[in-house]
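Coordinates from structure24.txt are shown below (compact mmCIF, N, CA and C atoms).
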```txt
# COMPACT_ATOMS: atom_id res chain seq x y z
N MET G 1 0.84 -1.19 0.00
CA MET G 1 0.00 0.00 0.00
C MET G 1 0.88 1.25 0.00
N GLU G 2 0.66 2.13 -0.92
CA GLU G 2 1.46 3.33 -1.06
C GLU G 2 1.03 4.40 -0.07
N ASN G 3 2.02 5.05 0.55
CA ASN G 3 1.75 6.12 1.51
C ASN G 3 1.70 7.44 0.75
N ARG G 4 0.51 7.97 0.49
CA ARG G 4 0.36 9.20 -0.28
C ARG G 4 0.02 10.35 0.65
N GLN G 5 1.01 11.12 0.99
CA GLN G 5 0.83 12.28 1.84
C GLN G 5 0.58 13.49 0.93
N PRO G 6 -0.29 14.41 1.34
CA PRO G 6 -0.54 15.59 0.52
C PRO G 6 0.68 16.52 0.50
N TYR G 7 0.83 17.25 -0.61
CA TYR G 7 1.87 18.27 -0.69
C TYR G 7 1.48 19.35 0.31
N SER G 8 2.39 19.69 1.21
CA SER G 8 2.02 20.59 2.30
C SER G 8 3.14 21.56 2.65
N ALA G 9 2.74 22.60 3.38
CA ALA G 9 3.67 23.57 3.96
C ALA G 9 3.74 23.30 5.45
N ILE G 10 4.94 23.43 6.02
CA ILE G 10 5.15 23.22 7.45
C ILE G 10 5.78 24.50 8.00
N LEU G 11 5.13 25.08 8.99
CA LEU G 11 5.58 26.33 9.58
C LEU G 11 5.92 26.10 11.04
N LEU G 12 7.16 26.40 11.43
CA LEU G 12 7.60 26.30 12.82
C LEU G 12 7.81 27.71 13.34
N ILE G 13 7.18 28.01 14.47
CA ILE G 13 7.16 29.38 15.00
C ILE G 13 7.61 29.38 16.45
N HIS G 14 8.35 30.41 16.84
CA HIS G 14 8.53 30.71 18.26
C HIS G 14 8.68 32.22 18.42
N CYS G 15 8.05 32.72 19.49
CA CYS G 15 8.06 34.14 19.78
C CYS G 15 7.54 34.35 21.20
N GLU G 16 7.56 35.60 21.63
CA GLU G 16 6.97 35.91 22.93
C GLU G 16 5.48 35.60 22.88
N ASP G 17 4.97 35.00 23.94
CA ASP G 17 3.55 34.64 23.97
C ASP G 17 2.69 35.89 24.05
N ARG G 18 1.73 35.97 23.14
CA ARG G 18 0.78 37.08 23.11
C ARG G 18 -0.57 36.56 22.66
N ARG G 19 -1.59 37.27 23.01
CA ARG G 19 -2.95 36.92 22.60
C ARG G 19 -3.09 37.06 21.09
N GLY G 20 -3.75 36.08 20.47
CA GLY G 20 -4.09 36.18 19.06
C GLY G 20 -3.16 35.49 18.08
N ILE G 21 -2.09 34.87 18.56
CA ILE G 21 -1.13 34.25 17.63
C ILE G 21 -1.79 33.10 16.86
N ILE G 22 -2.41 32.17 17.58
CA ILE G 22 -3.02 31.02 16.91
C ILE G 22 -4.10 31.48 15.94
N ALA G 23 -4.93 32.40 16.37
CA ALA G 23 -5.99 32.91 15.50
C ALA G 23 -5.42 33.54 14.23
N SER G 24 -4.37 34.32 14.37
CA SER G 24 -3.78 34.98 13.20
C SER G 24 -3.19 33.98 12.22
N VAL G 25 -2.47 32.99 12.74
CA VAL G 25 -1.85 31.99 11.86
C VAL G 25 -2.91 31.14 11.16
N THR G 26 -3.88 30.66 11.92
CA THR G 26 -4.91 29.82 11.30
C THR G 26 -5.80 30.62 10.34
N ASP G 27 -6.04 31.89 10.64
CA ASP G 27 -6.78 32.75 9.71
C ASP G 27 -6.01 32.92 8.40
N PHE G 28 -4.68 33.09 8.50
CA PHE G 28 -3.84 33.22 7.31
C PHE G 28 -4.02 32.00 6.40
N VAL G 29 -3.97 30.82 7.00
CA VAL G 29 -4.13 29.59 6.22
C VAL G 29 -5.54 29.51 5.64
N HIS G 30 -6.54 29.75 6.46
CA HIS G 30 -7.94 29.65 6.03
C HIS G 30 -8.29 30.67 4.93
N GLU G 31 -7.85 31.90 5.10
CA GLU G 31 -8.17 32.96 4.13
C GLU G 31 -7.58 32.70 2.75
N HIS G 32 -6.54 31.85 2.71
CA HIS G 32 -5.89 31.56 1.43
C HIS G 32 -6.19 30.13 0.97
N GLU G 33 -7.31 29.58 1.48
CA GLU G 33 -7.85 28.29 1.04
C GLU G 33 -6.98 27.09 1.41
N GLY G 34 -6.21 27.22 2.49
CA GLY G 34 -5.43 26.08 2.97
C GLY G 34 -6.24 25.22 3.91
N ASN G 35 -5.89 23.95 3.98
CA ASN G 35 -6.55 23.01 4.89
C ASN G 35 -5.51 22.52 5.90
N ILE G 36 -5.68 22.88 7.16
CA ILE G 36 -4.72 22.49 8.20
C ILE G 36 -4.86 21.00 8.47
N ILE G 37 -3.72 20.29 8.38
CA ILE G 37 -3.73 18.85 8.64
C ILE G 37 -2.99 18.50 9.93
N TYR G 38 -2.27 19.46 10.51
CA TYR G 38 -1.63 19.23 11.80
C TYR G 38 -1.36 20.59 12.45
N LEU G 39 -1.63 20.68 13.75
CA LEU G 39 -1.31 21.89 14.50
C LEU G 39 -1.01 21.48 15.93
N ASP G 40 0.09 21.99 16.45
CA ASP G 40 0.43 21.76 17.85
C ASP G 40 1.08 23.04 18.35
N GLN G 41 0.83 23.36 19.60
CA GLN G 41 1.42 24.57 20.18
C GLN G 41 1.75 24.31 21.64
N TYR G 42 2.67 25.11 22.15
CA TYR G 42 3.12 24.96 23.53
C TYR G 42 3.61 26.32 24.00
N VAL G 43 3.36 26.63 25.27
CA VAL G 43 3.87 27.87 25.86
C VAL G 43 4.80 27.50 27.00
N ASP G 44 6.04 27.99 26.93
CA ASP G 44 6.98 27.86 28.03
C ASP G 44 6.63 28.99 29.00
N ALA G 45 5.92 28.65 30.07
CA ALA G 45 5.41 29.67 31.00
C ALA G 45 6.53 30.41 31.72
N GLU G 46 7.62 29.72 32.02
CA GLU G 46 8.73 30.38 32.72
C GLU G 46 9.38 31.46 31.88
N GLU G 47 9.54 31.18 30.59
CA GLU G 47 10.20 32.14 29.69
C GLU G 47 9.20 32.98 28.89
N ASN G 48 7.90 32.64 28.98
CA ASN G 48 6.84 33.31 28.23
C ASN G 48 7.09 33.23 26.71
N ILE G 49 7.51 32.03 26.26
CA ILE G 49 7.77 31.81 24.84
C ILE G 49 6.72 30.86 24.28
N PHE G 50 6.16 31.25 23.15
CA PHE G 50 5.14 30.48 22.44
C PHE G 50 5.81 29.69 21.31
N TYR G 51 5.48 28.41 21.21
CA TYR G 51 5.98 27.55 20.14
C TYR G 51 4.79 26.97 19.39
N MET G 52 4.93 26.87 18.09
CA MET G 52 3.83 26.32 17.29
C MET G 52 4.37 25.63 16.05
N ARG G 53 3.73 24.53 15.70
CA ARG G 53 3.99 23.84 14.43
C ARG G 53 2.65 23.68 13.75
N VAL G 54 2.55 24.17 12.54
CA VAL G 54 1.32 24.02 11.77
C VAL G 54 1.67 23.53 10.37
N GLU G 55 0.89 22.57 9.91
CA GLU G 55 1.09 22.03 8.57
C GLU G 55 -0.24 22.10 7.83
N TRP G 56 -0.19 22.56 6.59
CA TRP G 56 -1.41 22.65 5.80
C TRP G 56 -1.17 22.19 4.37
N GLU G 57 -2.26 21.68 3.77
CA GLU G 57 -2.21 21.22 2.39
C GLU G 57 -2.09 22.40 1.45
N LEU G 58 -1.32 22.21 0.39
CA LEU G 58 -1.12 23.28 -0.59
C LEU G 58 -1.93 23.09 -1.87
N GLU G 59 -2.67 22.01 -1.96
CA GLU G 59 -3.41 21.69 -3.19
C GLU G 59 -4.29 22.84 -3.66
N ASN G 60 -5.06 23.44 -2.77
CA ASN G 60 -5.96 24.54 -3.14
C ASN G 60 -5.50 25.90 -2.61
N PHE G 61 -4.31 25.95 -2.05
CA PHE G 61 -3.80 27.19 -1.47
C PHE G 61 -3.59 28.21 -2.59
N VAL G 62 -4.10 29.42 -2.41
CA VAL G 62 -4.10 30.40 -3.50
C VAL G 62 -2.82 31.23 -3.60
N ILE G 63 -1.91 31.07 -2.67
CA ILE G 63 -0.62 31.77 -2.74
C ILE G 63 0.41 30.78 -3.26
N SER G 64 1.21 31.19 -4.23
CA SER G 64 2.26 30.30 -4.74
C SER G 64 3.33 30.11 -3.66
N THR G 65 4.00 28.98 -3.69
CA THR G 65 4.97 28.65 -2.64
C THR G 65 6.10 29.67 -2.56
N ASP G 66 6.45 30.31 -3.66
CA ASP G 66 7.53 31.29 -3.62
C ASP G 66 7.11 32.62 -2.99
N LYS G 67 5.80 32.79 -2.72
CA LYS G 67 5.33 34.05 -2.11
C LYS G 67 4.82 33.88 -0.69
N ILE G 68 4.65 32.65 -0.22
CA ILE G 68 4.12 32.42 1.13
C ILE G 68 4.99 33.08 2.18
N ASP G 69 6.30 32.88 2.08
CA ASP G 69 7.23 33.42 3.08
C ASP G 69 7.10 34.94 3.19
N THR G 70 7.11 35.63 2.08
CA THR G 70 7.03 37.10 2.08
C THR G 70 5.71 37.58 2.67
N LEU G 71 4.61 36.99 2.26
CA LEU G 71 3.31 37.42 2.76
C LEU G 71 3.14 37.12 4.24
N PHE G 72 3.64 35.97 4.68
CA PHE G 72 3.54 35.63 6.10
C PHE G 72 4.41 36.59 6.93
N LYS G 73 5.61 36.86 6.44
CA LYS G 73 6.53 37.75 7.16
C LYS G 73 5.94 39.14 7.33
N GLU G 74 5.42 39.69 6.25
CA GLU G 74 4.87 41.05 6.30
C GLU G 74 3.55 41.13 7.06
N GLY G 75 2.73 40.10 6.95
CA GLY G 75 1.41 40.15 7.56
C GLY G 75 1.33 39.73 9.00
N ILE G 76 2.06 38.69 9.38
CA ILE G 76 1.90 38.13 10.73
C ILE G 76 3.20 38.13 11.52
N ALA G 77 4.27 37.64 10.92
CA ALA G 77 5.53 37.51 11.66
C ALA G 77 6.02 38.85 12.20
N LYS G 78 5.88 39.87 11.40
CA LYS G 78 6.31 41.21 11.83
C LYS G 78 5.46 41.70 13.00
N LYS G 79 4.16 41.49 12.92
CA LYS G 79 3.24 41.93 13.97
C LYS G 79 3.56 41.30 15.33
N PHE G 80 3.89 40.00 15.32
CA PHE G 80 4.15 39.29 16.57
C PHE G 80 5.64 39.13 16.87
N LYS G 81 6.50 39.73 16.04
CA LYS G 81 7.96 39.62 16.20
C LYS G 81 8.37 38.15 16.30
N MET G 82 7.91 37.37 15.33
CA MET G 82 8.13 35.92 15.32
C MET G 82 9.46 35.54 14.70
N ASN G 83 10.01 34.48 15.23
CA ASN G 83 11.07 33.73 14.56
C ASN G 83 10.35 32.53 13.96
N TYR G 84 10.60 32.24 12.70
CA TYR G 84 9.90 31.11 12.09
C TYR G 84 10.74 30.50 10.97
N ASN G 85 10.40 29.26 10.65
CA ASN G 85 10.97 28.55 9.51
C ASN G 85 9.82 27.95 8.73
N LEU G 86 9.89 28.07 7.42
CA LEU G 86 8.87 27.53 6.53
C LEU G 86 9.51 26.46 5.66
N TYR G 87 8.89 25.28 5.63
CA TYR G 87 9.37 24.16 4.84
C TYR G 87 8.23 23.65 3.98
N PHE G 88 8.58 22.88 2.97
CA PHE G 88 7.59 22.24 2.12
C PHE G 88 7.85 20.74 2.11
N SER G 89 6.79 19.96 2.08
CA SER G 89 6.91 18.51 2.25
C SER G 89 7.70 17.83 1.14
N ASN G 90 7.88 18.48 0.01
CA ASN G 90 8.65 17.87 -1.07
C ASN G 90 10.15 18.13 -0.93
N GLU G 91 10.56 18.88 0.08
CA GLU G 91 11.98 19.15 0.32
C GLU G 91 12.57 18.04 1.19
N ARG G 92 13.71 17.53 0.79
CA ARG G 92 14.39 16.51 1.59
C ARG G 92 15.37 17.22 2.52
N LEU G 93 15.18 17.04 3.80
CA LEU G 93 16.06 17.64 4.79
C LEU G 93 17.29 16.76 4.97
N ARG G 94 18.39 17.36 5.36
CA ARG G 94 19.63 16.61 5.61
C ARG G 94 19.71 16.31 7.10
N MET G 95 20.14 15.09 7.42
CA MET G 95 20.16 14.64 8.81
C MET G 95 21.43 13.82 9.04
N ALA G 96 22.11 14.12 10.14
CA ALA G 96 23.26 13.31 10.56
C ALA G 96 22.77 12.33 11.62
N VAL G 97 23.32 11.13 11.62
CA VAL G 97 22.92 10.10 12.58
C VAL G 97 24.14 9.72 13.41
N PHE G 98 24.00 9.82 14.73
CA PHE G 98 25.04 9.42 15.66
C PHE G 98 24.52 8.21 16.43
N VAL G 99 25.17 7.08 16.27
CA VAL G 99 24.72 5.83 16.85
C VAL G 99 25.63 5.47 18.02
N SER G 100 25.02 5.18 19.18
CA SER G 100 25.82 4.82 20.35
C SER G 100 25.37 3.52 20.99
N LYS G 101 24.32 2.93 20.48
CA LYS G 101 23.80 1.69 21.08
C LYS G 101 23.79 0.58 20.04
N LEU G 102 22.86 -0.30 20.18
CA LEU G 102 22.77 -1.47 19.31
C LEU G 102 22.44 -1.07 17.87
N PRO G 103 22.94 -1.82 16.89
CA PRO G 103 22.75 -1.44 15.49
C PRO G 103 21.30 -1.50 15.00
N HIS G 104 20.41 -2.19 15.73
CA HIS G 104 19.03 -2.26 15.24
C HIS G 104 18.38 -0.88 15.19
N CYS G 105 18.83 0.06 16.02
CA CYS G 105 18.29 1.43 15.98
C CYS G 105 18.66 2.10 14.66
N LEU G 106 19.90 1.93 14.24
CA LEU G 106 20.35 2.47 12.96
C LEU G 106 19.58 1.82 11.81
N TYR G 107 19.40 0.53 11.86
CA TYR G 107 18.67 -0.18 10.81
C TYR G 107 17.24 0.34 10.71
N ASP G 108 16.63 0.62 11.85
CA ASP G 108 15.26 1.15 11.86
C ASP G 108 15.20 2.51 11.16
N ILE G 109 16.14 3.38 11.48
CA ILE G 109 16.19 4.71 10.85
C ILE G 109 16.37 4.57 9.34
N LEU G 110 17.33 3.75 8.94
CA LEU G 110 17.60 3.58 7.51
C LEU G 110 16.41 2.96 6.77
N SER G 111 15.73 2.03 7.42
CA SER G 111 14.58 1.40 6.77
C SER G 111 13.42 2.38 6.58
N ARG G 112 13.34 3.38 7.43
CA ARG G 112 12.28 4.39 7.28
C ARG G 112 12.61 5.37 6.16
N CYS G 113 13.87 5.58 5.88
CA CYS G 113 14.28 6.52 4.84
C CYS G 113 14.15 5.92 3.45
N GLN G 114 14.42 4.64 3.33
CA GLN G 114 14.44 4.00 2.02
C GLN G 114 13.09 4.06 1.31
N PRO G 115 11.97 3.66 1.92
CA PRO G 115 10.70 3.70 1.19
C PRO G 115 10.05 5.08 1.17
N GLY G 116 10.69 6.08 1.76
CA GLY G 116 10.13 7.43 1.72
C GLY G 116 9.26 7.79 2.90
N GLU G 117 9.28 6.97 3.94
CA GLU G 117 8.49 7.31 5.13
C GLU G 117 8.99 8.61 5.75
N TRP G 118 10.29 8.79 5.74
CA TRP G 118 10.90 10.05 6.18
C TRP G 118 11.53 10.70 4.96
N ALA G 119 11.24 11.96 4.71
CA ALA G 119 11.81 12.67 3.56
C ALA G 119 13.13 13.32 3.98
N VAL G 120 14.14 12.48 4.20
CA VAL G 120 15.44 13.00 4.62
C VAL G 120 16.56 12.37 3.80
N GLU G 121 17.67 13.07 3.77
CA GLU G 121 18.90 12.58 3.18
C GLU G 121 19.88 12.44 4.34
N ILE G 122 20.59 11.32 4.41
CA ILE G 122 21.53 11.09 5.51
C ILE G 122 22.95 11.04 4.94
N PRO G 123 23.64 12.19 4.91
CA PRO G 123 25.00 12.20 4.37
C PRO G 123 26.06 11.77 5.38
N LEU G 124 25.68 11.65 6.67
CA LEU G 124 26.66 11.33 7.70
C LEU G 124 26.07 10.35 8.70
N ILE G 125 26.78 9.24 8.90
CA ILE G 125 26.46 8.30 9.96
C ILE G 125 27.76 8.04 10.71
N THR G 126 27.73 8.22 12.01
CA THR G 126 28.92 7.94 12.81
C THR G 126 28.54 7.05 13.98
N ILE G 127 29.42 6.12 14.30
CA ILE G 127 29.19 5.20 15.40
C ILE G 127 30.12 5.57 16.54
N VAL G 128 29.52 5.93 17.66
CA VAL G 128 30.26 6.30 18.85
C VAL G 128 30.33 5.07 19.74
N PRO G 129 31.51 4.66 20.17
CA PRO G 129 31.61 3.48 21.03
C PRO G 129 30.74 3.64 22.28
N PHE G 130 30.03 2.56 22.62
CA PHE G 130 29.14 2.56 23.78
C PHE G 130 29.93 2.88 25.04
N GLY G 131 29.38 3.79 25.86
CA GLY G 131 30.00 4.13 27.15
C GLY G 131 31.01 5.25 27.09
N THR G 132 31.14 5.91 25.95
CA THR G 132 32.09 7.03 25.89
C THR G 132 31.37 8.35 25.95
```

Can you give me the file's structure in the form of structure tokens?
Amino acid sequence: MENRQPYSAILLIHCEDRRGIIASVTDFVHEHEGNIIYLDQYVDAEENIFYMRVEWELENFVISTDKIDTLFKEGIAKKFKMNYNLYFSNERLRMAVFVSKLPHCLYDILSRCQPGEWAVEIPLITIVPFGT
């Protein structure tokens, strides 16, 4: 059975916690015909820092991928003084793997990358002797 995930945008946000952040971000997606498929948020109460990850489908999104960053920055990120990263599901991220335990953990990671379960490229694998 083929795993068909929708083409999506992934937005990672952190900034000072303020009222209206979630509403502004979800309104941005909704107003441009996006469908949110994942959203999680957390507030570090001690530091008053808001963290959020939101992913939405791009199939019917009315903003082209090359303009999302600019429009989000000018419309929302500037208002809330956000630090953010925007990714797209078709981008392969680079990941280094440091192995310190049994090799079955490494095999599990590699087996997830091969069929495309994880969209990553692993240019570096290093084995650290156990107990060092």

With distances taken over all atoms listed in the file, which of G:Gly75, G:Leu102, G:Ala9, G:Phe80 is nearest to Ile21 in chain G?
G:Phe80

In terms of the shortest atom-to-atom distance over only C-alpha atoms, which of G:Leu86, G:Leu12, G:Ile109, G:Ile37 is closest to Glu57 in chain G?
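Among G:Leu86, G:Leu12, G:Ile109, G:Ile37, it is G:Ile37 that comes nearest to Glu57 in chain G.
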
Selection as a ChimeraX atom specification: residues within 8 Å of (-5.4, 21.1, -0.1), counting only C-alpha atoms:
/G:6-8,33-35,56-61

Check the smallest atom-to-atom distance from each of G:Asn83, G:Thr126, G:Thr70, G:Ser111 to Ile49 in chain G using only C-alpha atoms, then report the winner.
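Of the candidates, the smallest distance to Ile49 in chain G is held by G:Asn83.
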
Pick out each residue of chain G that DSSP on the backbone tags as strand (DSSP E or B); I need them as number ranges by chain.
G: 8-16, 35-44, 49-57, 83-88, 93-99, 120-127

Identify all residues of chain G in helix (DSSP H, G or I) (DSSP on the backbone) and supply them as a ChimeraX atom specification.
/G:21-31,65-80,103-113

Restricting the calculation to all atoms listed in the file: of G:Glu47, G:Tyr84, G:Ala77, G:Leu124, which residue gets closest to Leu11 in chain G?
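The shortest atom-to-atom distance to Leu11 in chain G comes from G:Tyr84.
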
Quick one: everything within 12 Å of Trp118 in chain G, counting only C-alpha atoms, minus sequence neighbours fewer than 5 positions away in the same chain. Send it as a list of chain:residue names.
G:Asn3, G:Gln5, G:Ser89, G:Asn90, G:Glu91, G:Arg92, G:Leu93, G:Arg94, G:Met95, G:Asp108, G:Ile109, G:Leu110, G:Ser111, G:Arg112, G:Cys113

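Excluding Cys15 in chain G itself and same-chain residues fewer than 3 positions from it, the residues having an atom within 6 Å of it are Asn48, Ile49, Phe50, Tyr51, Lys81, Met82 and Asn83 of chain G, counting all atoms listed in the file.
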
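Taking atom C of Ser64 in chain G and atom C of Phe28 in chain G as endpoints, the distance between them is 12.6 Å.
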
For CA of Ala96 in chain G and CA of Asp40 in chain G, the interatomic separation in Å (one decimal)
25.4 Å

Computed interatomic separation between atom N of Pro129 in chain G and atom N of Gln114 in chain G (Å):
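Calculated distance between atom N of Pro129 in chain G and atom N of Gln114 in chain G is 24.0 Å.
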
Produce the centre coordinates and the three edge lengths, each in Å to one decimal, of the box along x, y and z that contains all listed atoms of range 76-90 of chain G with 5 Å added on each side, as JSON.
```
{"center_x": 6.5, "center_y": 29.9, "center_z": 7.9, "size_x": 19.2, "size_y": 34.1, "size_z": 27.9}
```

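Point (23.3, 3.7, 12.6) has the following residues at most 6.5 Å away: Val97, Phe98, Val99, Pro103, Cys105, Leu106, Tyr107, Ile125 and Thr126 of chain G (atoms considered: all atoms listed in the file).
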
Go through G:Asp17, G:Glu121, G:Glu31, G:Asp44 and flag the residue nearest Val62 in chain G, using only N, CA and C atoms for the distances.
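With only N, CA and C atoms as the atom set, the closest residue is G:Glu31.
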
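Considering all atoms listed in the file, the residue among G:Val128, G:Leu71, G:Ile76, G:Tyr38 positioned nearest to Arg53 in chain G is G:Tyr38.
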